[in-house]
file target.cif (mmCIF, C-alpha atoms)
data_entry
#
loop_
_atom_site.label_atom_id
_atom_site.label_comp_id
_atom_site.auth_asym_id
_atom_site.auth_seq_id
_atom_site.Cartn_x
_atom_site.Cartn_y
_atom_site.Cartn_z
CA MET A 115 3.40 -9.46 14.91
CA THR A 116 0.23 -10.20 12.93
CA ASP A 117 -0.73 -8.41 9.71
CA MET A 118 -3.39 -6.46 11.60
CA GLU A 119 -0.88 -5.41 14.24
CA ALA A 120 1.46 -4.30 11.47
CA ILE A 121 -1.37 -2.23 9.94
CA ARG A 122 -1.96 -0.47 13.25
CA GLN A 123 1.72 0.16 13.96
CA ARG A 124 2.89 1.16 10.50
CA HIS A 125 3.06 4.85 9.49
CA SER A 126 4.83 6.58 6.61
CA VAL A 127 8.42 7.48 7.50
CA ARG A 128 10.39 10.06 5.52
CA GLN A 129 13.58 10.44 7.52
CA TYR A 130 15.96 7.52 7.95
CA LYS A 131 19.04 6.53 9.89
CA PRO A 132 22.17 5.83 7.81
CA ASP A 133 22.14 2.15 8.90
CA ARG A 134 21.99 -0.33 6.06
CA ILE A 135 19.51 -3.21 6.11
CA GLU A 136 21.24 -6.35 7.37
CA GLU A 137 21.99 -9.13 4.87
CA GLU A 138 19.60 -11.55 6.59
CA LYS A 139 16.69 -9.12 6.42
CA ALA A 140 17.57 -8.13 2.86
CA ALA A 141 17.46 -11.83 1.91
CA LEU A 142 14.03 -12.19 3.54
CA ILE A 143 12.74 -9.14 1.67
CA LYS A 144 14.04 -10.50 -1.64
CA ALA A 145 12.40 -13.88 -0.98
CA LYS A 146 9.09 -12.17 -0.16
CA ILE A 147 9.36 -10.10 -3.34
CA ASP A 148 9.90 -13.27 -5.39
CA GLU A 149 6.73 -14.73 -3.84
CA LEU A 150 4.66 -11.60 -4.48
CA ASN A 151 5.96 -11.21 -8.03
CA ARG A 152 4.78 -14.74 -8.80
CA GLU A 153 1.38 -14.19 -7.21
CA GLY A 154 0.77 -10.77 -8.74
CA ASP A 155 2.61 -11.13 -12.06
CA LEU A 156 4.78 -8.13 -11.12
CA HIS A 157 8.40 -7.01 -11.23
CA LEU A 158 8.91 -5.57 -7.74
CA GLN A 159 12.62 -5.03 -7.09
CA PHE A 160 14.59 -4.45 -3.89
CA VAL A 161 17.44 -2.02 -4.58
CA GLU A 162 19.83 -2.06 -1.65
CA ASP A 163 21.47 1.25 -2.53
CA ALA A 164 18.85 3.90 -3.32
CA ASP A 165 21.68 6.07 -4.68
CA LYS A 166 20.17 9.21 -6.26
CA THR A 167 16.55 8.00 -6.37
CA TYR A 168 15.47 10.72 -3.95
CA ASN A 169 17.75 13.59 -4.97
CA LYS A 170 14.97 15.93 -6.09
CA LEU A 171 14.55 19.08 -4.01
CA PHE A 172 11.13 18.01 -2.75
CA ASN A 173 12.58 14.72 -1.50
CA LYS A 174 15.50 16.45 0.17
CA VAL A 175 13.23 18.90 1.97
CA SER A 176 11.05 16.04 3.28
CA GLY A 177 14.09 13.98 4.25
CA LEU A 178 13.50 11.10 1.82
CA ASP A 179 17.00 11.49 0.42
CA THR A 180 18.15 9.78 3.64
CA ALA A 181 16.45 6.48 2.67
CA PRO A 182 19.23 3.89 2.23
CA SER A 183 17.23 1.49 0.06
CA VAL A 184 14.26 1.49 -2.26
CA ILE A 185 11.71 -0.91 -3.71
CA ALA A 186 10.90 -0.25 -7.37
CA CYS A 187 7.29 -1.20 -8.14
CA ALA A 188 6.94 -2.18 -11.78
CA GLY A 189 5.30 -4.75 -14.01
CA LYS A 190 3.84 -5.46 -17.42
CA ASP A 191 1.95 -2.36 -18.45
CA ASP A 192 -1.78 -3.08 -18.49
CA ALA A 193 -4.97 -1.63 -17.04
CA SER A 194 -4.68 -3.54 -13.75
CA LEU A 195 -1.00 -2.76 -13.05
CA ASP A 196 -1.47 0.18 -10.66
CA GLN A 197 -3.99 -1.66 -8.52
CA ARG A 198 -1.89 -4.84 -8.38
CA VAL A 199 1.17 -2.79 -7.41
CA GLY A 200 -0.80 -1.25 -4.55
CA TYR A 201 -2.19 -4.57 -3.33
CA TYR A 202 0.98 -6.66 -3.45
CA GLY A 203 3.27 -3.73 -2.62
CA GLU A 204 1.33 -3.16 0.61
CA LYS A 205 1.75 -6.82 1.51
CA LEU A 206 5.49 -6.19 1.22
CA VAL A 207 5.27 -2.97 3.26
CA LEU A 208 3.48 -4.81 6.08
CA TYR A 209 6.06 -7.61 5.94
CA ALA A 210 8.84 -5.01 6.24
CA GLN A 211 7.07 -3.58 9.31
CA GLN A 212 7.07 -7.03 10.84
CA LEU A 213 10.84 -7.17 10.27
CA GLY A 214 11.27 -3.92 12.20
CA LEU A 215 11.78 -1.74 9.11
CA ASN A 216 10.05 1.48 8.09
CA THR A 217 8.71 2.48 4.69
CA CYS A 218 7.13 5.26 2.66
CA TRP A 219 5.15 4.95 -0.57
CA THR A 220 6.61 7.62 -2.84
CA GLY A 221 5.21 8.82 -6.15
CA THR A 222 7.65 11.71 -6.45
CA PHE A 223 11.19 10.49 -7.10
CA ASN A 224 13.89 10.64 -9.75
CA ARG A 225 12.77 8.04 -12.26
CA LYS A 226 15.91 8.49 -14.35
CA ASN A 227 18.19 7.77 -11.41
CA ILE A 228 16.45 4.88 -9.69
CA PRO A 229 18.77 1.87 -10.11
CA ALA A 230 16.09 -0.57 -11.29
CA ASP A 231 15.63 -2.79 -14.33
CA ILE A 232 12.57 -1.69 -16.32
CA PRO A 233 12.55 -3.55 -19.67
CA ASP A 234 10.39 -2.69 -22.68
CA GLY A 235 6.73 -3.47 -22.08
CA GLU A 236 6.97 -2.74 -18.36
CA ARG A 237 6.13 0.43 -16.44
CA LEU A 238 7.58 1.80 -13.23
CA VAL A 239 4.54 2.87 -11.22
CA ILE A 240 5.84 4.05 -7.86
CA SER A 241 8.66 3.54 -5.37
CA ILE A 242 8.80 2.56 -1.72
CA ALA A 243 11.54 4.00 0.47
CA ILE A 244 12.73 1.46 3.03
CA GLY A 245 15.15 1.41 5.95
CA TYR A 246 15.36 2.22 9.64
CA GLY A 247 13.43 5.37 10.38
CA LYS A 248 14.57 8.05 12.79
CA ASP A 249 11.12 7.55 14.30
CA GLY A 250 8.05 5.44 13.63
CA GLY A 251 6.12 8.12 11.76
CA ARG A 252 2.92 9.71 12.96
CA VAL A 253 -0.82 9.13 12.83
CA ARG A 254 -2.55 11.14 10.13
CA LYS A 255 -6.05 12.59 10.09
CA SER A 256 -8.60 10.13 8.78
CA LYS A 257 -12.11 10.18 7.39
CA SER A 258 -14.89 8.37 9.24
CA LYS A 259 -16.31 4.96 8.30
CA GLU A 260 -19.51 6.69 7.18
CA GLN A 261 -17.56 8.82 4.70
CA VAL A 262 -15.90 5.89 2.93
CA SER A 263 -18.45 3.07 3.13
CA GLU A 264 -22.02 2.26 2.23
CA VAL A 265 -24.31 -0.69 2.94
CA VAL A 266 -26.98 -1.13 0.28
CA GLY A 267 -30.04 -3.28 0.95
CA ALA A 268 -33.77 -3.32 1.42
CA SER A 269 -35.10 -1.75 4.62
CA ASP A 270 -36.92 -3.98 7.07
CA THR A 271 -40.61 -3.59 7.98
CA SER A 272 -39.83 -0.83 10.49
CA GLY A 273 -38.07 1.21 7.81
CA ALA A 274 -34.62 0.73 9.36
CA SER A 275 -31.74 0.66 6.93
CA ALA A 276 -29.62 -2.44 6.29
CA GLN A 277 -27.27 -3.34 9.12
CA CYS A 278 -23.51 -3.42 8.65
CA PRO A 279 -22.09 -6.93 9.19
CA GLU A 280 -19.24 -7.10 11.70
CA TRP A 281 -16.76 -8.43 9.13
CA PHE A 282 -17.53 -5.53 6.79
CA GLY A 283 -17.08 -2.97 9.56
CA LYS A 284 -13.72 -4.47 10.53
CA GLY A 285 -12.63 -4.38 6.89
CA VAL A 286 -13.56 -0.70 6.56
CA GLU A 287 -11.70 0.13 9.78
CA ALA A 288 -8.57 -1.53 8.40
CA ALA A 289 -9.03 0.25 5.05
CA LEU A 290 -9.09 3.62 6.83
CA LEU A 291 -5.57 2.85 8.08
CA ALA A 292 -4.31 2.37 4.51
CA PRO A 293 -1.76 4.90 3.26
CA THR A 294 -3.08 6.92 0.31
CA ALA A 295 -1.44 9.58 -1.86
CA ILE A 296 -1.42 12.96 -0.06
CA ASN A 297 -3.75 11.28 2.47
CA GLN A 298 -6.66 11.78 0.05
CA GLN A 299 -8.67 8.63 0.94
CA LYS A 300 -10.69 8.99 -2.26
CA PHE A 301 -12.44 5.64 -2.22
CA LEU A 302 -15.83 4.16 -1.38
CA ILE A 303 -16.43 0.61 -0.19
CA ARG A 304 -19.97 -0.56 -0.90
CA LEU A 305 -21.70 -3.71 0.38
CA ASP A 306 -24.78 -4.83 -1.54
CA GLY A 307 -27.72 -6.90 -0.34
CA ASP A 308 -26.12 -10.13 -1.60
CA GLY A 309 -22.95 -9.63 0.43
CA ASN A 310 -20.82 -8.49 -2.50
CA VAL A 311 -18.20 -5.80 -1.87
CA GLU A 312 -17.49 -3.11 -4.47
CA PHE A 313 -14.51 -0.77 -4.31
CA ILE A 314 -15.12 2.56 -6.04
CA ASP A 315 -12.27 4.79 -7.18
CA LYS A 316 -13.27 8.45 -6.68
CA GLY A 317 -10.25 9.76 -8.60
CA GLY A 318 -7.13 11.59 -7.54
CA VAL A 319 -3.37 11.15 -7.69
CA LEU A 320 -2.35 7.47 -7.95
CA SER A 321 -5.88 6.52 -6.93
CA GLN A 322 -5.68 3.03 -8.47
CA VAL A 323 -2.55 2.28 -6.44
CA ASP A 324 -4.43 3.54 -3.39
CA LEU A 325 -7.36 1.25 -4.20
CA GLY A 326 -5.06 -1.76 -4.31
CA ILE A 327 -3.65 -0.83 -0.89
CA VAL A 328 -7.17 -0.34 0.45
CA LYS A 329 -8.20 -3.78 -0.84
CA CYS A 330 -5.21 -5.34 0.90
CA HIS A 331 -6.14 -3.73 4.22
CA PHE A 332 -9.85 -4.55 3.86
CA GLU A 333 -9.02 -8.18 3.15
CA ILE A 334 -6.85 -8.43 6.28
CA GLY A 335 -9.39 -6.67 8.49
CA SER A 336 -12.44 -8.54 7.20
CA GLY A 337 -10.83 -11.92 6.62
CA LYS A 338 -12.42 -12.08 3.17
CA LYS A 339 -10.47 -12.30 -0.11
CA GLN A 340 -10.98 -9.32 -2.43
CA MET A 341 -8.15 -9.29 -5.00
CA PRO A 342 -7.47 -11.80 -7.78
CA MET A 343 -3.97 -13.24 -7.69
CA LYS A 344 -3.24 -12.50 -11.35
CA SER A 345 -4.13 -9.71 -13.76
#

call {"tool": "encode", "arguments": {"input": "target.cif", "output": "structure tokens"}}
result
Amino acid sequence: MTDMEAIRQRHSVRQYKPDRIEEEKAALIKAKIDELNREGDLHLQFVEDADKTYNKLFNKVSGLDTAPSVIACAGKDDASLDQRVGYYGEKLVLYAQQLGLNTCWTGTFNRKNIPADIPDGERLVISIAIGYGKDGGRVRKSKSKEQVSEVVGASDTSGASAQCPEWFGKGVEAALLAPTAINQQKFLIRLDGDGNVEFIDKGGVLSQVDLGIVKCHFEIGSGKKQMPMKS
């Protein structure tokens, strides 16, 4: 399964089977986390037993308390942390999909009970529930490409507006498949006349995490690098 295939197949899953993740897959996830932590200067952690991470009433009602394992997304607390967590965390989510696992980005969880190591100077940004879902999740309503993208450039002699390059269109299509908090999709991707891409955060819950996820998807869809490896 390619990254783009994983993007198309992956949906948020909130109800899980009781099956534990096999040792071999857990080892692969841990190895991938080590790689992403080095690249993104992060402290992502795979916690095999989610324990009471999702014991809040909201999580129980949605079914998230059934998640057997959790990924704690943390790192040195600086201005770029949320966006790096989104970018590299989504790489991990897509890798999990390729392993046949299901996931759910989760901002609402019991931060006191999550069994993760968060030393001084680091911040726990968000969690990712992971395991075998009772189903594969469902497609959610999405905005159109026109609502989340803009091509800026001089009009030609006929007055026609600047054309959208194919690579940019493919990147936007992939970005529209990115999971965002409460499905808000509060971002704008702008292409200027010099071929530079700008990602604009339009605010909202965990919007910088969302922007990192969007950048990850855009990069895969367009084939063009968008995120620096380090903060």

call {"tool": "closest_residue", "arguments": {"input": "target.cif", "among": "A:Gly337, A:Gly189, A:Gly283, A:Gly317", "to": "Ser263 in chain A", "atoms": "only C-alpha atoms"}}
result
A:Gly283

call {"tool": "resolve_selection", "arguments": {"input": "target.cif", "expression": "the PyMOL selection byres ((chain A and resi 304-309) around 9)", "output": "list in words"}}
result
Val262, Ser263, Glu264, Val265, Val266, Gly267, Ala268, Ala276, Cys278, Phe282, Leu302, Ile303, Asn310, Val311, Glu312, Phe313 and Ile314 of chain A

call {"tool": "atom_distance", "arguments": {"input": "target.cif", "atom1": "CA of Val253 in chain A", "atom2": "CA of Leu206 in chain A"}}
result
20.2 Å

call {"tool": "closest_residue", "arguments": {"input": "target.cif", "among": "A:Arg198, A:Arg122, A:Lys144, A:Arg128", "to": "Thr220 in chain A", "atoms": "all atoms listed in the file"}}
result
A:Arg128

call {"tool": "residues_near_point", "arguments": {"input": "target.cif", "point": "(-6.0, 4.5, 14.2)", "cutoff": "12 Å", "atoms": "only C-alpha atoms", "output": "number ranges by chain"}}
result
A: 118-125, 252-259, 286-293

call {"tool": "resolve_selection", "arguments": {"input": "target.cif", "expression": "the PyMOL selection byres ((chain A and resi 201) around 7)", "output": "MDAnalysis selection string"}}
result
chainID A and resid 197:200 202:205 326:327 329:330

call {"tool": "closest_residue", "arguments": {"input": "target.cif", "among": "A:Gln261, A:Thr294, A:Asn224, A:Gln211", "to": "Asp117 in chain A", "atoms": "only C-alpha atoms"}}
result
A:Gln211
